[in-house]
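This is protein-v1.cif. It holds mmCIF, C-alpha atoms.
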data_start
#
loop_
_atom_site.label_atom_id
_atom_site.label_comp_id
_atom_site.auth_asym_id
_atom_site.auth_seq_id
_atom_site.Cartn_x
_atom_site.Cartn_y
_atom_site.Cartn_z
CA MET A 1 -17.14 13.42 -5.62
CA ALA A 2 -13.87 12.78 -7.39
CA LEU A 3 -12.14 9.64 -8.52
CA ALA A 4 -8.78 9.26 -6.86
CA ALA A 5 -7.73 6.44 -9.11
CA GLY A 6 -9.00 4.54 -12.11
CA VAL A 7 -9.20 0.79 -12.33
CA ALA A 8 -8.33 -0.80 -15.65
CA VAL A 9 -10.18 -3.99 -16.37
CA GLY A 10 -9.84 -6.20 -19.44
CA PRO A 11 -8.19 -9.31 -20.84
CA ALA A 12 -4.65 -10.06 -19.83
CA VAL A 13 -2.12 -12.83 -19.94
CA THR A 14 -3.14 -15.65 -17.61
CA PRO A 15 -0.56 -16.42 -14.88
CA ALA A 16 1.46 -19.58 -15.15
CA VAL A 17 -0.24 -22.71 -13.88
CA ALA A 18 0.43 -23.16 -10.18
CA GLU A 19 -0.54 -25.55 -7.44
CA SER A 20 -1.05 -22.81 -4.90
CA ILE A 21 -1.72 -19.10 -4.52
CA ARG A 22 1.76 -18.71 -3.03
CA GLU A 23 3.35 -19.83 -6.30
CA ASN A 24 1.81 -16.80 -7.98
CA GLN A 25 2.90 -14.33 -5.28
CA TRP A 26 5.88 -13.00 -7.21
CA HIS A 27 6.13 -10.01 -4.91
CA LEU A 28 7.16 -12.26 -2.01
CA ASP A 29 9.96 -13.70 -4.11
CA ALA A 30 11.05 -10.18 -5.06
CA MET A 31 11.08 -9.27 -1.36
CA LYS A 32 13.19 -12.37 -0.62
CA ALA A 33 10.50 -13.68 1.73
CA THR A 34 12.01 -17.15 2.18
CA GLU A 35 15.28 -15.67 3.41
CA VAL A 36 13.55 -12.93 5.37
CA TRP A 37 11.36 -15.37 7.29
CA GLN A 38 14.44 -17.14 8.62
CA ILE A 39 15.21 -13.90 10.43
CA SER A 40 11.81 -12.39 11.14
CA LYS A 41 8.12 -12.94 10.46
CA GLY A 42 7.01 -9.83 12.31
CA GLN A 43 6.24 -11.52 15.62
CA GLY A 44 5.13 -9.21 18.40
CA VAL A 45 4.25 -6.30 16.11
CA THR A 46 0.74 -4.92 15.56
CA VAL A 47 -0.11 -3.30 12.24
CA ALA A 48 -3.33 -1.29 12.19
CA VAL A 49 -5.18 -1.40 8.86
CA ILE A 50 -7.65 1.46 8.35
CA ASP A 51 -9.92 0.20 5.61
CA SER A 52 -13.30 -1.31 4.74
CA GLY A 53 -14.67 -4.34 6.58
CA PHE A 54 -12.70 -7.53 7.13
CA LYS A 55 -13.59 -11.16 6.51
CA LEU A 56 -12.59 -12.38 9.93
CA ASP A 57 -13.12 -16.07 9.16
CA HIS A 58 -11.06 -16.26 5.99
CA PRO A 59 -8.71 -19.26 6.42
CA ASP A 60 -5.66 -17.11 5.72
CA LEU A 61 -6.72 -14.51 8.31
CA ALA A 62 -8.07 -16.74 11.06
CA GLY A 63 -6.07 -15.95 14.19
CA GLN A 64 -4.25 -13.10 12.45
CA LEU A 65 -6.64 -10.29 13.39
CA LEU A 66 -7.06 -8.63 16.77
CA PRO A 67 -10.35 -7.21 18.07
CA GLY A 68 -10.73 -3.93 16.19
CA LYS A 69 -12.98 -0.90 15.97
CA ASP A 70 -15.74 0.16 13.61
CA PHE A 71 -15.97 3.89 12.79
CA SER A 72 -18.12 3.40 9.70
CA GLY A 73 -21.50 3.85 11.33
CA LEU A 74 -22.75 0.89 9.30
CA PRO A 75 -24.35 -2.22 10.82
CA GLY A 76 -22.42 -5.40 11.35
CA GLY A 77 -19.19 -4.23 12.94
CA VAL A 78 -15.59 -4.78 11.81
CA GLY A 79 -16.38 -8.25 10.49
CA SER A 80 -19.01 -7.07 8.01
CA PHE A 81 -18.18 -5.88 4.52
CA THR A 82 -19.69 -5.05 1.14
CA GLU A 83 -16.40 -5.22 -0.71
CA SER A 84 -12.99 -6.79 -0.33
CA HIS A 85 -10.34 -4.11 0.07
CA GLY A 86 -9.78 -4.37 3.83
CA THR A 87 -9.53 -8.15 3.67
CA GLU A 88 -7.01 -7.92 0.82
CA MET A 89 -4.75 -5.43 2.59
CA ALA A 90 -4.74 -7.50 5.78
CA SER A 91 -3.84 -10.55 3.70
CA VAL A 92 -0.89 -8.81 2.00
CA ILE A 93 0.49 -8.00 5.45
CA VAL A 94 -0.26 -11.04 7.65
CA GLY A 95 -1.79 -13.77 5.48
CA SER A 96 -0.96 -17.21 6.91
CA GLY A 97 -1.37 -19.27 3.73
CA LYS A 98 -3.53 -21.80 5.59
CA GLY A 99 -6.31 -21.68 3.01
CA MET A 100 -6.52 -24.20 0.15
CA GLY A 101 -5.03 -26.88 2.37
CA GLY A 102 -1.93 -24.83 3.04
CA GLY A 103 -1.66 -23.38 -0.46
CA GLY A 104 -3.31 -20.05 0.30
CA ALA A 105 -2.04 -16.47 0.27
CA TYR A 106 0.83 -15.41 2.49
CA GLY A 107 1.53 -11.96 3.81
CA LEU A 108 5.06 -10.60 3.96
CA ALA A 109 4.87 -10.48 7.78
CA PRO A 110 2.79 -13.57 8.71
CA GLY A 111 3.95 -13.44 12.32
CA ALA A 112 2.55 -9.96 12.91
CA LYS A 113 -1.05 -9.17 13.87
CA VAL A 114 -3.48 -6.79 12.20
CA LEU A 115 -5.66 -4.40 14.19
CA PRO A 116 -8.66 -4.01 11.87
CA ILE A 117 -10.22 -0.54 11.81
CA LYS A 118 -13.31 -0.21 9.68
CA ILE A 119 -14.21 3.02 7.91
CA ARG A 120 -16.93 3.89 5.45
CA ASN A 121 -16.49 4.77 1.82
CA ASN A 122 -18.38 4.64 -1.45
CA ASP A 123 -17.61 0.96 -1.89
CA ASN A 124 -19.82 0.36 1.13
CA ALA A 125 -22.83 1.14 -1.10
CA THR A 126 -24.24 3.82 1.22
CA GLY A 127 -21.60 6.38 0.31
CA VAL A 128 -19.90 8.93 2.54
CA THR A 129 -19.11 12.62 2.31
CA GLY A 130 -15.54 13.85 2.20
CA ALA A 131 -15.87 15.31 5.68
CA GLU A 132 -17.19 12.02 7.10
CA PHE A 133 -14.45 10.05 5.41
CA LEU A 134 -11.72 12.28 6.77
CA LYS A 135 -13.19 12.21 10.26
CA GLN A 136 -13.14 8.41 10.21
CA ILE A 137 -9.54 8.37 9.02
CA ASP A 138 -8.63 10.78 11.84
CA GLN A 139 -10.44 8.64 14.40
CA GLY A 140 -8.83 5.49 13.06
CA ILE A 141 -5.32 6.89 13.32
CA VAL A 142 -5.82 8.08 16.89
CA TYR A 143 -7.45 4.82 17.95
CA ALA A 144 -4.69 2.72 16.36
CA ALA A 145 -1.97 4.74 18.09
CA ASP A 146 -3.75 4.58 21.44
CA GLN A 147 -4.06 0.80 21.11
CA GLY A 148 -0.32 0.49 20.71
CA ALA A 149 -0.13 -0.29 16.98
CA LYS A 150 3.45 0.18 15.80
CA VAL A 151 2.54 0.58 12.12
CA ILE A 152 -0.61 2.27 10.79
CA ASN A 153 -1.42 1.23 7.21
CA ILE A 154 -3.66 3.61 5.24
CA SER A 155 -4.25 2.27 1.74
CA GLN A 156 -6.52 5.24 1.13
CA ALA A 157 -6.07 8.68 -0.44
CA MET A 158 -7.95 11.92 -1.06
CA PRO A 159 -7.00 14.60 -3.63
CA ALA A 160 -5.80 17.85 -2.11
CA ALA A 161 -8.23 19.76 -4.34
CA LEU A 162 -11.09 18.20 -2.38
CA MET A 163 -9.74 19.17 1.01
CA SER A 164 -9.76 22.41 2.96
CA ALA A 165 -6.89 23.76 5.04
CA ALA A 166 -8.91 22.74 8.11
CA ASP A 167 -9.18 19.18 6.80
CA VAL A 168 -5.42 18.99 6.39
CA ALA A 169 -4.86 20.47 9.85
CA ASP A 170 -7.13 17.87 11.46
CA LEU A 171 -5.44 15.05 9.57
CA LYS A 172 -2.02 16.34 10.56
CA ALA A 173 -3.08 16.50 14.21
CA SER A 174 -3.98 12.81 14.06
CA VAL A 175 -0.67 11.92 12.42
CA ASP A 176 1.20 13.98 15.03
CA HIS A 177 -0.69 12.11 17.76
CA ALA A 178 0.41 8.81 16.24
CA ALA A 179 4.02 10.01 16.08
CA ALA A 180 3.87 11.05 19.73
CA LYS A 181 2.70 7.53 20.56
CA GLY A 182 5.62 6.03 18.64
CA ALA A 183 3.70 4.74 15.62
CA LEU A 184 4.80 4.84 11.97
CA VAL A 185 2.10 5.94 9.50
CA VAL A 186 2.31 4.55 5.95
CA ALA A 187 -0.02 5.63 3.12
CA GLY A 188 -0.34 5.18 -0.63
CA VAL A 189 0.37 8.11 -2.94
CA GLY A 190 -2.59 7.29 -5.19
CA ASN A 191 -3.35 5.71 -8.55
CA SER A 192 -4.18 8.73 -10.68
CA ALA A 193 -0.90 9.44 -12.46
CA GLN A 194 -2.74 9.18 -15.76
CA SER A 195 -5.59 11.38 -14.58
CA GLY A 196 -3.82 14.59 -13.66
CA ASN A 197 -1.45 13.14 -11.07
CA PRO A 198 -3.16 15.04 -8.22
CA LEU A 199 -1.49 15.45 -4.85
CA GLU A 200 -3.27 13.16 -2.39
CA TYR A 201 -3.49 12.88 1.39
CA PRO A 202 -2.57 11.47 3.88
CA ALA A 203 0.57 10.47 1.91
CA ALA A 204 1.42 14.13 1.26
CA LEU A 205 1.58 14.97 4.97
CA PRO A 206 4.91 15.41 6.78
CA GLY A 207 5.36 12.41 9.04
CA VAL A 208 3.64 9.97 6.67
CA VAL A 209 5.68 7.55 4.55
CA GLY A 210 4.22 7.88 1.03
CA VAL A 211 4.40 4.73 -1.09
CA GLY A 212 4.35 4.29 -4.87
CA ALA A 213 4.17 1.07 -6.91
CA VAL A 214 6.41 -0.88 -9.28
CA GLY A 215 5.86 -3.92 -11.48
CA ARG A 216 7.66 -7.24 -11.82
CA ASP A 217 10.63 -5.68 -13.61
CA GLY A 218 10.87 -2.80 -11.16
CA THR A 219 9.29 -0.33 -13.58
CA VAL A 220 7.09 2.26 -11.92
CA THR A 221 3.50 1.45 -12.84
CA ALA A 222 1.61 3.79 -15.13
CA GLU A 223 -0.99 4.58 -12.47
CA SER A 224 1.40 5.21 -9.56
CA GLU A 225 1.47 8.92 -8.82
CA GLN A 226 4.66 10.92 -8.79
CA GLY A 227 5.86 13.91 -6.83
CA PRO A 228 7.57 15.03 -3.62
CA GLN A 229 5.20 12.88 -1.57
CA VAL A 230 6.78 9.64 -2.87
CA ASP A 231 9.15 8.25 -0.24
CA LEU A 232 9.39 4.54 -1.07
CA THR A 233 8.11 2.12 -3.69
CA ALA A 234 7.14 -1.56 -3.58
CA PRO A 235 5.46 -4.14 -5.82
CA GLY A 236 1.99 -3.03 -6.87
CA ILE A 237 0.76 -5.14 -9.75
CA GLU A 238 -0.57 -8.71 -10.06
CA ILE A 239 -0.68 -9.09 -6.30
CA TYR A 240 -2.42 -12.32 -5.29
CA ASN A 241 -4.17 -12.15 -1.93
CA ALA A 242 -7.06 -13.36 0.15
CA CYS A 243 -10.37 -11.64 -0.55
CA THR A 244 -14.12 -11.96 -0.13
CA GLY A 245 -14.82 -13.32 -3.63
CA PRO A 246 -16.38 -16.73 -4.29
CA SER A 247 -13.03 -18.52 -4.44
CA GLY A 248 -11.59 -16.52 -1.55
CA TYR A 249 -8.67 -15.24 -3.64
CA CYS A 250 -8.14 -12.25 -5.90
CA LYS A 251 -5.44 -10.54 -7.92
CA GLY A 252 -5.12 -6.76 -7.73
CA HIS A 253 -2.99 -3.77 -8.51
CA GLY A 254 -2.46 -0.30 -7.08
CA THR A 255 -0.55 1.60 -4.45
CA SER A 256 -2.83 0.08 -1.82
CA ASN A 257 -0.90 -3.16 -2.20
CA SER A 258 2.52 -1.54 -2.29
CA THR A 259 1.63 0.38 0.88
CA ALA A 260 0.72 -2.87 2.65
CA ILE A 261 4.06 -4.38 1.60
CA VAL A 262 5.99 -1.44 3.08
CA SER A 263 3.95 -1.70 6.29
CA ALA A 264 4.80 -5.40 6.48
CA ALA A 265 8.50 -4.64 5.90
CA ALA A 266 8.38 -2.20 8.83
CA ALA A 267 6.82 -4.91 11.01
CA LEU A 268 9.57 -7.38 10.07
CA LEU A 269 12.25 -4.91 11.08
CA TRP A 270 10.52 -3.78 14.27
CA SER A 271 10.15 -7.37 15.43
CA VAL A 272 13.94 -7.76 15.44
CA HIS A 273 14.60 -4.27 16.85
CA PRO A 274 11.73 -3.61 19.28
CA ASP A 275 13.69 -0.84 20.99
CA TRP A 276 13.95 1.24 17.82
CA SER A 277 11.73 4.27 17.30
CA ALA A 278 9.46 4.84 14.31
CA ASN A 279 12.04 7.30 12.99
CA GLN A 280 14.76 4.66 13.12
CA ILE A 281 12.59 2.05 11.42
CA ALA A 282 11.77 4.49 8.62
CA ARG A 283 15.41 5.57 8.31
CA VAL A 284 16.70 2.01 7.90
CA LEU A 285 13.99 1.18 5.33
CA ILE A 286 15.02 4.29 3.39
CA ASN A 287 18.77 3.73 3.72
CA THR A 288 18.52 0.11 2.55
CA ALA A 289 16.08 0.71 -0.30
CA GLY A 290 17.21 0.09 -3.89
CA LYS A 291 18.41 3.61 -4.67
CA PRO A 292 18.05 5.45 -8.00
CA THR A 293 21.27 5.24 -9.99
CA ASP A 294 20.88 8.65 -11.57
CA GLY A 295 23.19 10.06 -8.94
CA SER A 296 20.39 11.26 -6.68
CA ASN A 297 19.43 9.99 -3.26
CA ARG A 298 15.78 10.28 -4.23
CA ASN A 299 13.58 11.58 -7.00
CA ASP A 300 9.90 12.25 -7.48
CA ILE A 301 9.37 9.05 -9.45
CA VAL A 302 10.64 6.37 -7.06
CA GLY A 303 11.32 8.37 -3.92
CA TYR A 304 14.25 6.83 -2.06
CA GLY A 305 13.78 3.58 -3.98
CA ILE A 306 12.29 0.09 -3.64
CA VAL A 307 11.96 -1.26 -0.12
CA ARG A 308 14.28 -4.24 0.52
CA PRO A 309 13.43 -5.98 3.80
CA ARG A 310 16.17 -8.60 3.44
CA VAL A 311 18.85 -5.93 3.26
CA ALA A 312 17.20 -3.96 6.07
CA LEU A 313 17.35 -7.03 8.30
CA THR A 314 20.84 -8.23 7.42
CA GLU A 315 22.62 -4.92 6.78
CA PRO A 316 20.62 -2.25 8.63
CA GLY A 317 23.56 0.06 9.27
CA ASP A 318 23.24 2.91 11.74
CA PRO A 319 19.56 3.54 12.58
CA GLY A 320 20.46 7.10 13.55
CA PRO A 321 18.82 9.26 16.21
CA ALA A 322 15.54 8.05 17.62
CA ASP A 323 13.95 11.49 17.77
CA VAL A 324 14.79 12.84 14.31
CA TYR A 325 12.40 12.23 11.42
CA PRO A 326 14.51 10.82 8.56
CA ILE A 327 12.59 12.13 5.56
CA GLN A 328 13.55 15.53 4.25
CA GLU A 329 10.24 17.13 3.42
CA GLN A 330 9.84 18.29 -0.15
CA PRO A 331 7.59 21.28 -0.96
CA VAL A 332 4.07 20.22 -1.88
CA GLY A 333 1.00 22.00 -3.16
CA GLN A 334 -1.65 23.47 -0.91
CA PRO A 335 -5.18 22.08 -0.64
CA ALA A 336 -8.06 23.93 -2.20
CA PRO A 337 -11.44 24.64 -0.59
CA SER A 338 -13.38 21.68 0.71
CA GLY A 339 -15.06 19.01 -1.37
CA SER A 340 -15.82 15.31 -1.30
CA ALA A 341 -13.41 12.43 -1.37
CA ALA A 342 -12.94 9.39 -3.45
CA PRO A 343 -10.56 6.69 -2.46
CA SER A 344 -7.70 5.69 -4.69
CA ALA A 345 -8.50 2.48 -6.40
CA SER A 346 -6.86 -0.86 -6.15
CA ALA A 347 -8.40 -3.29 -8.53
CA SER A 348 -8.85 -6.94 -8.00
CA ALA A 349 -10.31 -9.81 -9.96
CA SER A 350 -11.60 -12.95 -8.36
CA VAL A 351 -9.28 -15.91 -8.69
CA PRO A 352 -11.02 -19.29 -9.11
CA ALA A 353 -10.31 -21.94 -6.51
CA SER A 354 -7.95 -23.54 -9.00
CA PRO A 355 -5.19 -20.96 -9.52
CA SER A 356 -4.36 -22.50 -12.88
CA ALA A 357 -7.60 -21.06 -14.22
CA GLY A 358 -7.21 -17.74 -12.47
CA ALA A 359 -8.81 -14.61 -13.80
CA SER A 360 -6.56 -11.64 -14.30
CA VAL A 361 -6.61 -7.88 -14.16
CA PRO A 362 -4.26 -6.19 -16.61
CA THR A 363 -2.12 -3.19 -15.98
CA PRO A 364 -3.46 0.19 -17.11
CA ALA A 365 -2.60 1.34 -20.62
CA PRO A 366 0.99 2.52 -20.95
CA THR A 367 0.36 6.25 -21.07
CA PRO A 368 3.43 7.77 -19.39
CA PRO A 369 2.56 9.49 -16.11
CA PRO A 370 3.65 13.10 -15.63
CA SER A 371 7.07 13.38 -14.10
CA SER A 372 8.31 15.75 -11.45
CA SER A 373 11.71 14.14 -11.46
CA SER A 374 14.79 16.21 -12.09
CA SER A 375 15.62 13.84 -14.91
CA SER A 376 13.43 12.53 -17.68
CA ALA A 377 15.79 9.66 -18.42
CA PRO A 378 15.06 6.18 -17.07
CA VAL A 379 16.41 5.75 -13.55
CA ALA A 380 17.71 2.38 -12.45
CA ALA A 381 18.03 1.33 -8.83
CA GLN A 382 20.33 -0.97 -6.98
CA GLU A 383 18.77 -4.40 -6.62
CA ASP A 384 18.81 -6.95 -3.88
CA GLU A 385 21.04 -9.89 -4.76
CA GLY A 386 19.14 -12.06 -7.17
CA SER A 387 16.11 -9.77 -7.01
CA PRO A 388 14.18 -9.05 -10.22
CA LEU A 389 13.49 -5.54 -8.99
CA VAL A 390 15.87 -3.45 -11.04
CA LEU A 391 14.05 -0.17 -10.68
CA VAL A 392 13.45 1.76 -13.84
CA ALA A 393 11.50 4.96 -13.47
CA ALA A 394 10.31 5.32 -17.00
CA VAL A 395 8.79 8.59 -18.03
CA ALA A 396 8.70 7.39 -21.60
CA GLY A 397 6.65 4.46 -22.87
CA GLY A 398 7.31 0.79 -22.27
CA LEU A 399 5.86 0.81 -18.74
CA VAL A 400 3.40 -2.03 -19.22
CA LEU A 401 1.52 -3.96 -21.87
CA LEU A 402 -2.25 -3.98 -21.94
CA ALA A 403 -4.34 -6.32 -24.04
CA GLY A 404 -8.00 -5.69 -24.67
CA VAL A 405 -10.31 -2.84 -23.99
CA VAL A 406 -9.73 -0.71 -20.90
CA VAL A 407 -12.78 -0.04 -18.83
CA VAL A 408 -12.45 2.63 -16.19
CA VAL A 409 -14.29 1.52 -13.09
CA LEU A 410 -15.16 4.42 -10.84
CA ARG A 411 -14.47 3.59 -7.25
CA ARG A 412 -14.78 5.87 -4.34
CA ARG A 413 -12.17 4.38 -2.09
CA GLY A 414 -11.65 6.52 0.96
CA ALA A 415 -8.47 7.92 -0.42
CA SER A 416 -6.61 4.75 -0.85
CA GLY A 417 -3.75 7.05 -1.48
CA GLY A 418 -1.91 4.26 -0.13
CA GLY A 419 -3.81 2.69 -2.82
CA GLY A 420 -1.57 3.92 -5.59
CA PRO A 421 -1.39 1.31 -8.24
CA TYR A 422 -2.56 -1.17 -5.70
CA ALA A 423 -5.29 0.93 -4.26
CA ARG A 424 -8.63 -0.60 -4.88
#

If you convert what's in this file into structure tokens, what do you get?
Amino acid sequence: MALAAGVAVGPAVTPAVAESIRENQWHLDAMKATEVWQISKGQGVTVAVIDSGFKLDHPDLAGQLLPGKDFSGLPGGVGSFTESHGTEMASVIVGSGKGMGGGGAYGLAPGAKVLPIKIRNNDNATGVTGAEFLKQIDQGIVYAADQGAKVINISQAMPAALMSAADVADLKASVDHAAAKGALVVAGVGNSAQSGNPLEYPAALPGVVGVGAVGRDGTVTAESEQGPQVDLTAPGIEIYNACTGPSGYCKGHGTSNSTAIVSAAAALLWSVHPDWSANQIARVLINTAGKPTDGSNRNDIVGYGIVRPRVALTEPGDPGPADVYPIQEQPVGQPAPSGSAAPSASASASVPASPSAGASVPTPAPTPPPSSSSSSAPVAAQEDEGSPLVLVAAVAGGLVLLAGVVVVVLRRRGASGGGGPYAR
């Protein structure tokens, strides 16, 4: 078994006192949610979330989840869980904010619906082999596509070194099936930039939008992996969301969260342009992203840049041909012989019912991740008007500050490749 991503836990600066969870959801402000929701909330779009179990009766998710499917083989069905990751990802996408008397956690696309698809991983206590995990991911993708989900969110990731060529072929067949059904597959690139920066799947597959993570100032997080598999980036640190903890709210980090944000952005756009294909949705998200200002259209640190749903909705430009995949595939490494999988980690800490006393999970120590970018200099990106997300892809230090002792928590999260910095 391998660890796809580490989770740093320790003391950190406590968030500013707030009267609601929403007041601490800085990522929604960065995504211009207030302006976006005047145009679209994602109505009419189904986003499949392939993850652990889901807390169906959480106030922020009540009425937001469709009947789903359980491929885990564990008792209890989709609504049972031993950990919180699935609930958190659903919340980041479609949270209604109805909890805490209307002060709960909002998703970026609260008008969309989530199709919950439960899989099994090490966080489920019983464990799962790499082959079983991959089979469940494959089944989840096919099921989601057959049920008409427009977006398939996979905040999971498995290192290529633990996969065989046959594993990759099976996963690709599932992704191809989803594409044939008109669905857009989004996955995290993983959270192991400081642990070898391994190539992880499904984000590395052609046809999958690979997502990395950035912080409040737009700096790529230390744990967000880099390479040709990075297509877009989104906020992936200090993400407040609904969870299964005692208070019902948590704060996490990782590419899992950034993946969910990109999936929500796709839902917002698809709601306004229901006749567009998955290729056109992806193309507009890419074309309107905050681009690197190093003269390149993309690089291996930030991909095509930070997703900007407000710009995508108000200035989409030409969506291009419906049948042409918009992402120019970059060469990637080949998988090694088979092995077991561990999901990328997205960490979360329980947030007390009173947000003013919220616990906090700090960012990983600022060890610079390896860079595959053509330039080692910081790369800035265009920002949305008034947005704090000026993207700086720092290969040198200054990524994040960490107070206290870092404890690496081993989590076996069914390749929350989508989990990147926000993977659990």

*Interatomic distance, atom CA of Thr129 of chain A to atom CA of Ser164 of chain A (Å, one decimal)*: 13.6 Å

Chain and number of each residue from the PyMOL selection byres ((chain A and resi 110) around 10), as an mmCIF file with C-alpha atoms, in the frame of the given file:
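out_29.cif was written with the following content:
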data_model
loop_
_atom_site.group_PDB
_atom_site.id
_atom_site.type_symbol
_atom_site.label_atom_id
_atom_site.label_comp_id
_atom_site.auth_asym_id
_atom_site.auth_seq_id
_atom_site.Cartn_x
_atom_site.Cartn_y
_atom_site.Cartn_z
ATOM 1 C CA TRP A 37 11.360 -15.370 7.290
ATOM 2 C CA SER A 40 11.810 -12.390 11.140
ATOM 3 C CA LYS A 41 8.120 -12.940 10.460
ATOM 4 C CA GLY A 42 7.010 -9.830 12.310
ATOM 5 C CA GLN A 43 6.240 -11.520 15.620
ATOM 6 C CA ASP A 60 -5.660 -17.110 5.720
ATOM 7 C CA LEU A 61 -6.720 -14.510 8.310
ATOM 8 C CA GLN A 64 -4.250 -13.100 12.450
ATOM 9 C CA SER A 91 -3.840 -10.550 3.700
ATOM 10 C CA VAL A 92 -0.890 -8.810 2.000
ATOM 11 C CA ILE A 93 0.490 -8.000 5.450
ATOM 12 C CA VAL A 94 -0.260 -11.040 7.650
ATOM 13 C CA GLY A 95 -1.790 -13.770 5.480
ATOM 14 C CA SER A 96 -0.960 -17.210 6.910
ATOM 15 C CA GLY A 97 -1.370 -19.270 3.730
ATOM 16 C CA TYR A 106 0.830 -15.410 2.490
ATOM 17 C CA GLY A 107 1.530 -11.960 3.810
ATOM 18 C CA LEU A 108 5.060 -10.600 3.960
ATOM 19 C CA ALA A 109 4.870 -10.480 7.780
ATOM 20 C CA GLY A 111 3.950 -13.440 12.320
ATOM 21 C CA ALA A 112 2.550 -9.960 12.910
ATOM 22 C CA LYS A 113 -1.050 -9.170 13.870
ATOM 23 C CA VAL A 114 -3.480 -6.790 12.200
ATOM 24 C CA ALA A 264 4.800 -5.400 6.480
ATOM 25 C CA ALA A 267 6.820 -4.910 11.010
ATOM 26 C CA LEU A 268 9.570 -7.380 10.070
#

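Taken over the whole file, the PyMOL selection byres ((chain A and resi 236-247) around 6) covers exactly Gln25, Ser84, Thr87, Glu88, Ser91, Ala105, Ala213, Val214, Gly215, Pro235, Gly248, Tyr249, Cys250, Lys251, Gly252, His253, Gly254, Thr255, Asn257, Ser258, Ser350, Pro352, Ala353, Pro421 and Tyr422 of chain A.
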
Keeping only C-alpha atoms, take the residues you just selected and write them out as a compact mmCIF listing (two decimals), in the coordinates of the input.
# COMPACT_ATOMS: atom_id res chain seq x y z
CA GLN A 25 2.90 -14.33 -5.28
CA SER A 84 -12.99 -6.79 -0.33
CA THR A 87 -9.53 -8.15 3.67
CA GLU A 88 -7.01 -7.92 0.82
CA SER A 91 -3.84 -10.55 3.70
CA ALA A 105 -2.04 -16.47 0.27
CA ALA A 213 4.17 1.07 -6.91
CA VAL A 214 6.41 -0.88 -9.28
CA GLY A 215 5.86 -3.92 -11.48
CA PRO A 235 5.46 -4.14 -5.82
CA GLY A 248 -11.59 -16.52 -1.55
CA TYR A 249 -8.67 -15.24 -3.64
CA CYS A 250 -8.14 -12.25 -5.90
CA LYS A 251 -5.44 -10.54 -7.92
CA GLY A 252 -5.12 -6.76 -7.73
CA HIS A 253 -2.99 -3.77 -8.51
CA GLY A 254 -2.46 -0.30 -7.08
CA THR A 255 -0.55 1.60 -4.45
CA ASN A 257 -0.90 -3.16 -2.20
CA SER A 258 2.52 -1.54 -2.29
CA SER A 350 -11.60 -12.95 -8.36
CA PRO A 352 -11.02 -19.29 -9.11
CA ALA A 353 -10.31 -21.94 -6.51
CA PRO A 421 -1.39 1.31 -8.24
CA TYR A 422 -2.56 -1.17 -5.70

_Test item: residues at most 8 Å from Val189 of chain A, only C-alpha atoms, excluding those fewer than 2 positions along its chain, as a PyMOL selection string_ = chain A and resi 157+187+191+199-201+203-204+210-212+224-226+229-230+255+417-420

I need the chosen residues saved as a PDB file, in the frame of the given file, with C-alpha atoms.
ATOM      1  CA  ALA A 157      -6.070   8.680  -0.440  1.00  0.00           C
ATOM      2  CA  ALA A 187      -0.020   5.630   3.120  1.00  0.00           C
ATOM      3  CA  ASN A 191      -3.350   5.710  -8.550  1.00  0.00           C
ATOM      4  CA  LEU A 199      -1.490  15.450  -4.850  1.00  0.00           C
ATOM      5  CA  GLU A 200      -3.270  13.160  -2.390  1.00  0.00           C
ATOM      6  CA  TYR A 201      -3.490  12.880   1.390  1.00  0.00           C
ATOM      7  CA  ALA A 203       0.570  10.470   1.910  1.00  0.00           C
ATOM      8  CA  ALA A 204       1.420  14.130   1.260  1.00  0.00           C
ATOM      9  CA  GLY A 210       4.220   7.880   1.030  1.00  0.00           C
ATOM     10  CA  VAL A 211       4.400   4.730  -1.090  1.00  0.00           C
ATOM     11  CA  GLY A 212       4.350   4.290  -4.870  1.00  0.00           C
ATOM     12  CA  SER A 224       1.400   5.210  -9.560  1.00  0.00           C
ATOM     13  CA  GLU A 225       1.470   8.920  -8.820  1.00  0.00           C
ATOM     14  CA  GLN A 226       4.660  10.920  -8.790  1.00  0.00           C
ATOM     15  CA  GLN A 229       5.200  12.880  -1.570  1.00  0.00           C
ATOM     16  CA  VAL A 230       6.780   9.640  -2.870  1.00  0.00           C
ATOM     17  CA  THR A 255      -0.550   1.600  -4.450  1.00  0.00           C
ATOM     18  CA  GLY A 417      -3.750   7.050  -1.480  1.00  0.00           C
ATOM     19  CA  GLY A 418      -1.910   4.260  -0.130  1.00  0.00           C
ATOM     20  CA  GLY A 419      -3.810   2.690  -2.820  1.00  0.00           C
ATOM     21  CA  GLY A 420      -1.570   3.920  -5.590  1.00  0.00           C
TER      22      GLY A 420
END

*Between A:Gln136, A:Thr82, A:Ser263, A:Asn299, which one has atoms that come closest to Pro228 of chain A, using only C-alpha atoms?*
A:Asn299

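Ranking A:Pro319, A:Ala266, A:Gly148, A:Glu23 by their shortest atom-to-atom distance to Gly102 of chain A, with all atoms listed in the file included, puts A:Glu23 first.
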
_Atomic distance atom CA of Ala30 of chain A - atom CA of Ala282 of chain A, expressed in Å with one decimal_ =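 Between atom CA of Ala30 of chain A and atom CA of Ala282 of chain A the gap works out to 20.1 Å.
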